[in-house]
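Source file: entry.cif; contents: mmCIF, C-alpha atoms.
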data_structure
loop_
_atom_site.group_PDB
_atom_site.id
_atom_site.type_symbol
_atom_site.label_atom_id
_atom_site.label_comp_id
_atom_site.auth_asym_id
_atom_site.auth_seq_id
_atom_site.Cartn_x
_atom_site.Cartn_y
_atom_site.Cartn_z
ATOM 1 C CA MET A 1 120.254 59.557 121.370
ATOM 2 C CA ASN A 2 117.848 61.294 123.560
ATOM 3 C CA LYS A 3 114.557 62.790 122.424
ATOM 4 C CA MET A 4 115.961 66.304 122.099
ATOM 5 C CA GLN A 5 118.713 65.209 119.753
ATOM 6 C CA LYS A 6 116.263 63.167 117.696
ATOM 7 C CA LEU A 7 113.928 66.174 117.344
ATOM 8 C CA ALA A 8 116.867 68.440 116.485
ATOM 9 C CA HIS A 9 117.787 66.126 113.588
ATOM 10 C CA GLN A 10 114.170 66.225 112.274
ATOM 11 C CA VAL A 11 113.883 70.025 112.301
ATOM 12 C CA PRO A 12 115.750 70.636 108.997
ATOM 13 C CA ALA A 13 113.572 68.093 107.169
ATOM 14 C CA VAL A 14 110.384 69.570 108.612
ATOM 15 C CA LEU A 15 111.493 73.109 107.695
ATOM 16 C CA ALA A 16 112.358 72.016 104.140
ATOM 17 C CA GLU A 17 108.957 70.346 103.749
ATOM 18 C CA ALA A 18 107.162 73.389 105.178
ATOM 19 C CA SER A 19 109.081 75.681 102.842
ATOM 20 C CA ALA A 20 108.138 73.572 99.809
ATOM 21 C CA THR A 21 104.493 73.493 100.910
ATOM 22 C CA LEU A 22 104.438 77.274 101.372
ATOM 23 C CA ARG A 23 105.954 77.846 97.897
ATOM 24 C CA LYS A 24 103.425 75.487 96.332
ATOM 25 C CA THR A 25 100.559 77.167 98.193
ATOM 26 C CA ALA A 26 101.755 80.652 97.204
ATOM 27 C CA SER A 27 102.044 79.562 93.576
ATOM 28 C CA ARG A 28 98.514 78.152 93.617
ATOM 29 C CA LEU A 29 97.236 81.353 95.232
ATOM 30 C CA VAL A 30 98.728 83.407 92.384
ATOM 31 C CA GLU A 31 97.078 81.066 89.840
ATOM 32 C CA VAL A 32 93.691 81.396 91.563
ATOM 33 C CA GLU A 33 94.015 85.199 91.706
ATOM 34 C CA ASN A 34 94.796 85.281 87.972
ATOM 35 C CA GLU A 35 91.814 83.034 87.214
ATOM 36 C CA ASN A 36 89.619 85.242 89.401
ATOM 37 C CA ASP A 37 90.801 88.381 87.582
ATOM 38 C CA ALA A 38 90.137 86.737 84.204
ATOM 39 C CA LEU A 39 86.604 85.730 85.264
ATOM 40 C CA LYS A 40 85.881 89.205 86.636
ATOM 41 C CA HIS A 41 87.073 90.733 83.369
ATOM 42 C CA GLN A 42 84.935 88.301 81.350
ATOM 43 C CA LEU A 43 81.826 89.152 83.413
ATOM 44 C CA ARG A 44 82.557 92.863 83.089
ATOM 45 C CA VAL A 45 82.920 92.577 79.306
ATOM 46 C CA GLU A 46 79.702 90.543 78.998
ATOM 47 C CA LYS A 47 77.809 93.071 81.132
ATOM 48 C CA LEU A 48 79.111 95.922 78.989
ATOM 49 C CA ALA A 49 78.204 94.070 75.773
ATOM 50 C CA ARG A 50 74.707 93.423 77.146
ATOM 51 C CA ARG A 51 74.340 97.119 78.020
ATOM 52 C CA MET A 52 75.480 98.063 74.517
ATOM 53 C CA GLU A 53 72.839 95.691 73.096
ATOM 54 C CA GLN A 54 70.156 97.306 75.254
ATOM 55 C CA ARG A 55 71.131 100.772 74.073
ATOM 56 C CA GLY A 56 71.371 99.786 70.426
ATOM 57 C CA LEU A 57 75.093 100.583 70.178
ATOM 58 C CA ASP A 58 77.211 98.973 67.443
ATOM 59 C CA PRO A 59 74.181 97.342 65.788
ATOM 60 C CA ASN A 60 76.407 95.915 63.053
ATOM 61 C CA LEU A 61 77.942 93.524 65.631
ATOM 62 C CA ASP A 62 76.076 90.680 67.283
ATOM 63 C CA PHE A 63 76.457 89.998 71.010
ATOM 64 C CA ASP A 64 79.367 87.551 70.644
ATOM 65 C CA GLN A 65 81.201 89.909 68.298
ATOM 66 C CA LYS A 66 80.786 92.728 70.802
ATOM 67 C CA ILE A 67 82.269 90.522 73.507
ATOM 68 C CA ALA A 68 85.211 89.589 71.288
ATOM 69 C CA HIS A 69 85.801 93.235 70.426
ATOM 70 C CA LEU A 70 85.578 94.357 74.058
ATOM 71 C CA GLN A 71 88.015 91.675 75.191
ATOM 72 C CA GLU A 72 90.629 93.303 72.960
ATOM 73 C CA VAL A 73 90.147 96.679 74.668
ATOM 74 C CA ASP A 74 92.894 97.601 77.119
ATOM 75 C CA LYS A 75 91.649 97.051 80.669
ATOM 76 C CA THR A 76 92.623 100.593 81.629
ATOM 77 C CA LYS A 77 90.316 101.974 78.930
ATOM 78 C CA LEU A 78 87.372 99.773 79.887
ATOM 79 C CA ASP A 79 86.289 102.196 82.657
ATOM 80 C CA THR A 80 86.034 105.032 80.156
ATOM 81 C CA LEU A 81 84.152 102.859 77.695
ATOM 82 C CA GLU A 82 81.675 101.797 80.383
ATOM 83 C CA GLN A 83 81.032 105.438 81.271
ATOM 84 C CA ALA A 84 80.570 106.334 77.612
ATOM 85 C CA VAL A 85 78.020 103.551 77.158
ATOM 86 C CA GLU A 86 76.113 104.714 80.232
ATOM 87 C CA LEU A 87 76.094 108.297 78.952
ATOM 88 C CA SER A 88 74.899 107.283 75.497
ATOM 89 C CA ALA A 89 71.307 108.045 74.708
ATOM 90 C CA GLY A 90 70.665 104.883 72.733
ATOM 91 C CA GLY A 91 67.626 102.738 73.029
ATOM 92 C CA PHE A 92 64.907 104.961 71.654
ATOM 93 C CA LYS A 93 63.680 106.088 68.258
ATOM 94 C CA LEU A 94 64.236 109.734 67.552
ATOM 95 C CA GLY A 95 62.167 109.737 64.406
ATOM 96 C CA SER A 96 61.878 108.624 60.819
ATOM 97 C CA LEU A 97 60.670 110.101 57.583
ATOM 98 C CA GLU A 98 58.586 108.030 55.238
ATOM 99 C CA ASP A 99 58.254 108.467 51.503
ATOM 100 C CA SER A 100 55.785 111.301 50.973
ATOM 101 C CA GLN A 101 54.045 109.486 48.108
ATOM 102 C CA THR A 102 53.148 106.417 50.173
ATOM 103 C CA ASN A 103 52.372 108.008 53.506
ATOM 104 C CA ASP A 104 52.576 111.730 54.071
ATOM 105 C CA SER A 105 53.606 111.609 57.739
ATOM 106 C CA VAL A 106 56.593 111.915 59.991
ATOM 107 C CA GLU A 107 56.823 109.383 62.807
ATOM 108 C CA GLY A 108 58.773 110.061 65.928
ATOM 109 C CA VAL A 109 58.779 110.297 69.661
ATOM 110 C CA HIS A 110 55.565 112.346 69.793
ATOM 111 C CA GLU A 111 53.277 110.230 67.597
ATOM 112 C CA GLU A 112 50.174 111.764 69.163
ATOM 113 C CA LEU A 113 50.773 114.977 67.198
ATOM 114 C CA GLY A 114 49.087 115.252 63.816
ATOM 115 C CA SER A 115 50.935 115.034 60.509
ATOM 116 C CA ALA A 116 50.750 118.783 59.887
ATOM 117 C CA ALA A 117 52.310 119.526 63.261
ATOM 118 C CA HIS A 118 55.172 117.148 62.437
ATOM 119 C CA HIS A 119 55.788 118.862 59.114
ATOM 120 C CA GLU A 120 55.703 122.276 60.740
ATOM 121 C CA ALA A 121 58.098 121.204 63.492
ATOM 122 C CA LEU A 122 60.438 119.627 60.936
ATOM 123 C CA ASP A 123 60.344 122.710 58.716
ATOM 124 C CA ASN A 124 60.981 124.964 61.705
ATOM 125 C CA PHE A 125 63.937 122.819 62.795
ATOM 126 C CA ILE A 126 65.456 122.822 59.316
ATOM 127 C CA LEU A 127 65.032 126.581 58.894
ATOM 128 C CA SER A 128 66.042 127.719 62.384
ATOM 129 C CA GLY A 129 68.262 124.895 63.582
ATOM 130 C CA ARG A 130 66.205 124.715 66.759
ATOM 131 C CA ALA A 131 63.878 121.942 67.771
ATOM 132 C CA LEU A 132 61.234 124.202 69.253
ATOM 133 C CA GLY A 133 59.704 127.339 67.800
#
Before we go any further, please render this structure as structure tokens.
Amino acid sequence: MNKMQKLAHQVPAVLAEASATLRKTASRLVEVENENDALKHQLRVEKLARRMEQRGLDPNLDFDQKIAHLQEVDKTKLDTLEQAVELSAGGFKLGSLEDSQTNDSVEGVHEELGSAAHHEALDNFILSGRALG
């Protein structure tokens, strides 16, 4: 047998081995892509849960519960939820009313105003439905 015939007999074995290696590599690539997608989704959910915490959204859930809840959300709806969280106005105190017998004041965003001004603004809002005069 000359060299050419010997090489010709080895070609099918080499092709079979290359084919098996390519299938194994392609399979591993799909696994890695799936793992990458899962990690990206996990990071996205954690970031969204952290943003919800910062904005005071869903205060009845702790951070881990928010993550668990968000992981159940359909991935196609996660974009909309992220936009909704960004548009939310959470994270600041709009105001509170205290018992008038203990402390006759209204606390809120503009604490520098006197108590009478708060009462007048509150009365005006209740009567007119408008925040300002």
**Request:** Kindly extract all protein, DNA and RNA residues lying within 9 Å of the coordinates (83.4, 99.1, 72.4) given in the file, considering all atoms listed in the file, and supply them as a ChimeraX atom specification.
**Result:** /A:48-49,52,57-58,66-67,69-70,73,78,81-82,85
**Prompt:** For the atom pair atom CA of Asp37 of chain A and atom CA of Lys77 of chain A, what is the interatomic distance in Å to one decimal place?
**Reply:**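 Atom-to-atom, atom CA of Asp37 of chain A and atom CA of Lys77 of chain A are spaced 16.1 Å apart.
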**Message:** Taking only C-alpha atoms into account, name the residue in A:Val45, A:Arg50, A:Ala8, A:Glu31 that is nearest to Asp62 of chain A.
**Reply:** A:Arg50
Enclose all atoms of segment 43-46 of chain A listed in the file in an axis-aligned box, grow every side by 5 Å, and hand back centre and edge lengths in Å to one decimal, as lines of an AutoDock Vina configuration file.
center_x = 81.3
center_y = 91.0
center_z = 81.2
size_x = 13.2
size_y = 13.7
size_z = 14.4
**Request:** Report the distance between atom CA of Thr76 of chain A and atom CA of His41 of chain A in Å, rounded to one decimal place.
**Result:** 11.4 Å
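Going from atom CA of Gly56 of chain A over to atom CA of Leu87 of chain A, you cover 12.9 Å.
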**Message:** Nearest residue to Glu72 of chain A out of A:Gln42, A:Lys47, A:Asn2, A:Glu35, using only C-alpha atoms?
**Reply:**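 Looking only at the distances to Glu72 of chain A, the closest residue turns out to be A:Gln42.
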Please, could N, CA and C atoms be added to segment 54-69 of chain A and the result written as an mmCIF file, in the coordinates of the input?
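Result file follows (result_5.cif):
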data_model
loop_
_atom_site.group_PDB
_atom_site.id
_atom_site.type_symbol
_atom_site.label_atom_id
_atom_site.label_comp_id
_atom_site.auth_asym_id
_atom_site.auth_seq_id
_atom_site.Cartn_x
_atom_site.Cartn_y
_atom_site.Cartn_z
ATOM 1 N N GLN A 54 71.363 96.647 74.773
ATOM 2 C CA GLN A 54 70.156 97.306 75.254
ATOM 3 C C GLN A 54 70.032 98.720 74.705
ATOM 4 N N ARG A 55 71.137 99.386 74.539
ATOM 5 C CA ARG A 55 71.131 100.772 74.073
ATOM 6 C C ARG A 55 71.238 100.889 72.561
ATOM 7 N N GLY A 56 71.328 99.762 71.878
ATOM 8 C CA GLY A 56 71.371 99.786 70.426
ATOM 9 C C GLY A 56 72.697 100.285 69.863
ATOM 10 N N LEU A 57 73.782 100.124 70.616
ATOM 11 C CA LEU A 57 75.093 100.583 70.178
ATOM 12 C C LEU A 57 75.796 99.493 69.368
ATOM 13 N N ASP A 58 76.518 99.889 68.361
ATOM 14 C CA ASP A 58 77.211 98.973 67.443
ATOM 15 C C ASP A 58 76.251 97.904 66.908
ATOM 16 N N PRO A 59 75.172 98.319 66.259
ATOM 17 C CA PRO A 59 74.181 97.342 65.788
ATOM 18 C C PRO A 59 74.722 96.407 64.706
ATOM 19 N N ASN A 60 75.828 96.770 64.091
ATOM 20 C CA ASN A 60 76.407 95.915 63.053
ATOM 21 C C ASN A 60 77.124 94.702 63.647
ATOM 22 N N LEU A 61 77.309 94.659 64.959
ATOM 23 C CA LEU A 61 77.942 93.524 65.631
ATOM 24 C C LEU A 61 76.909 92.770 66.449
ATOM 25 N N ASP A 62 76.961 91.435 66.400
ATOM 26 C CA ASP A 62 76.076 90.680 67.283
ATOM 27 C C ASP A 62 76.718 90.611 68.677
ATOM 28 N N PHE A 63 76.018 90.015 69.615
ATOM 29 C CA PHE A 63 76.457 89.998 71.010
ATOM 30 C C PHE A 63 77.846 89.367 71.160
ATOM 31 N N ASP A 64 78.073 88.227 70.540
ATOM 32 C CA ASP A 64 79.367 87.551 70.644
ATOM 33 C C ASP A 64 80.489 88.375 70.015
ATOM 34 N N GLN A 65 80.195 89.058 68.926
ATOM 35 C CA GLN A 65 81.201 89.909 68.298
ATOM 36 C C GLN A 65 81.539 91.102 69.191
ATOM 37 N N LYS A 66 80.536 91.631 69.870
ATOM 38 C CA LYS A 66 80.786 92.728 70.802
ATOM 39 C C LYS A 66 81.700 92.262 71.928
ATOM 40 N N ILE A 67 81.433 91.074 72.439
ATOM 41 C CA ILE A 67 82.269 90.522 73.507
ATOM 42 C C ILE A 67 83.702 90.356 73.016
ATOM 43 N N ALA A 68 83.866 89.788 71.843
ATOM 44 C CA ALA A 68 85.211 89.589 71.288
ATOM 45 C C ALA A 68 85.929 90.920 71.113
ATOM 46 N N HIS A 69 85.201 91.912 70.626
ATOM 47 C CA HIS A 69 85.801 93.235 70.426
ATOM 48 C C HIS A 69 86.186 93.866 71.758
#
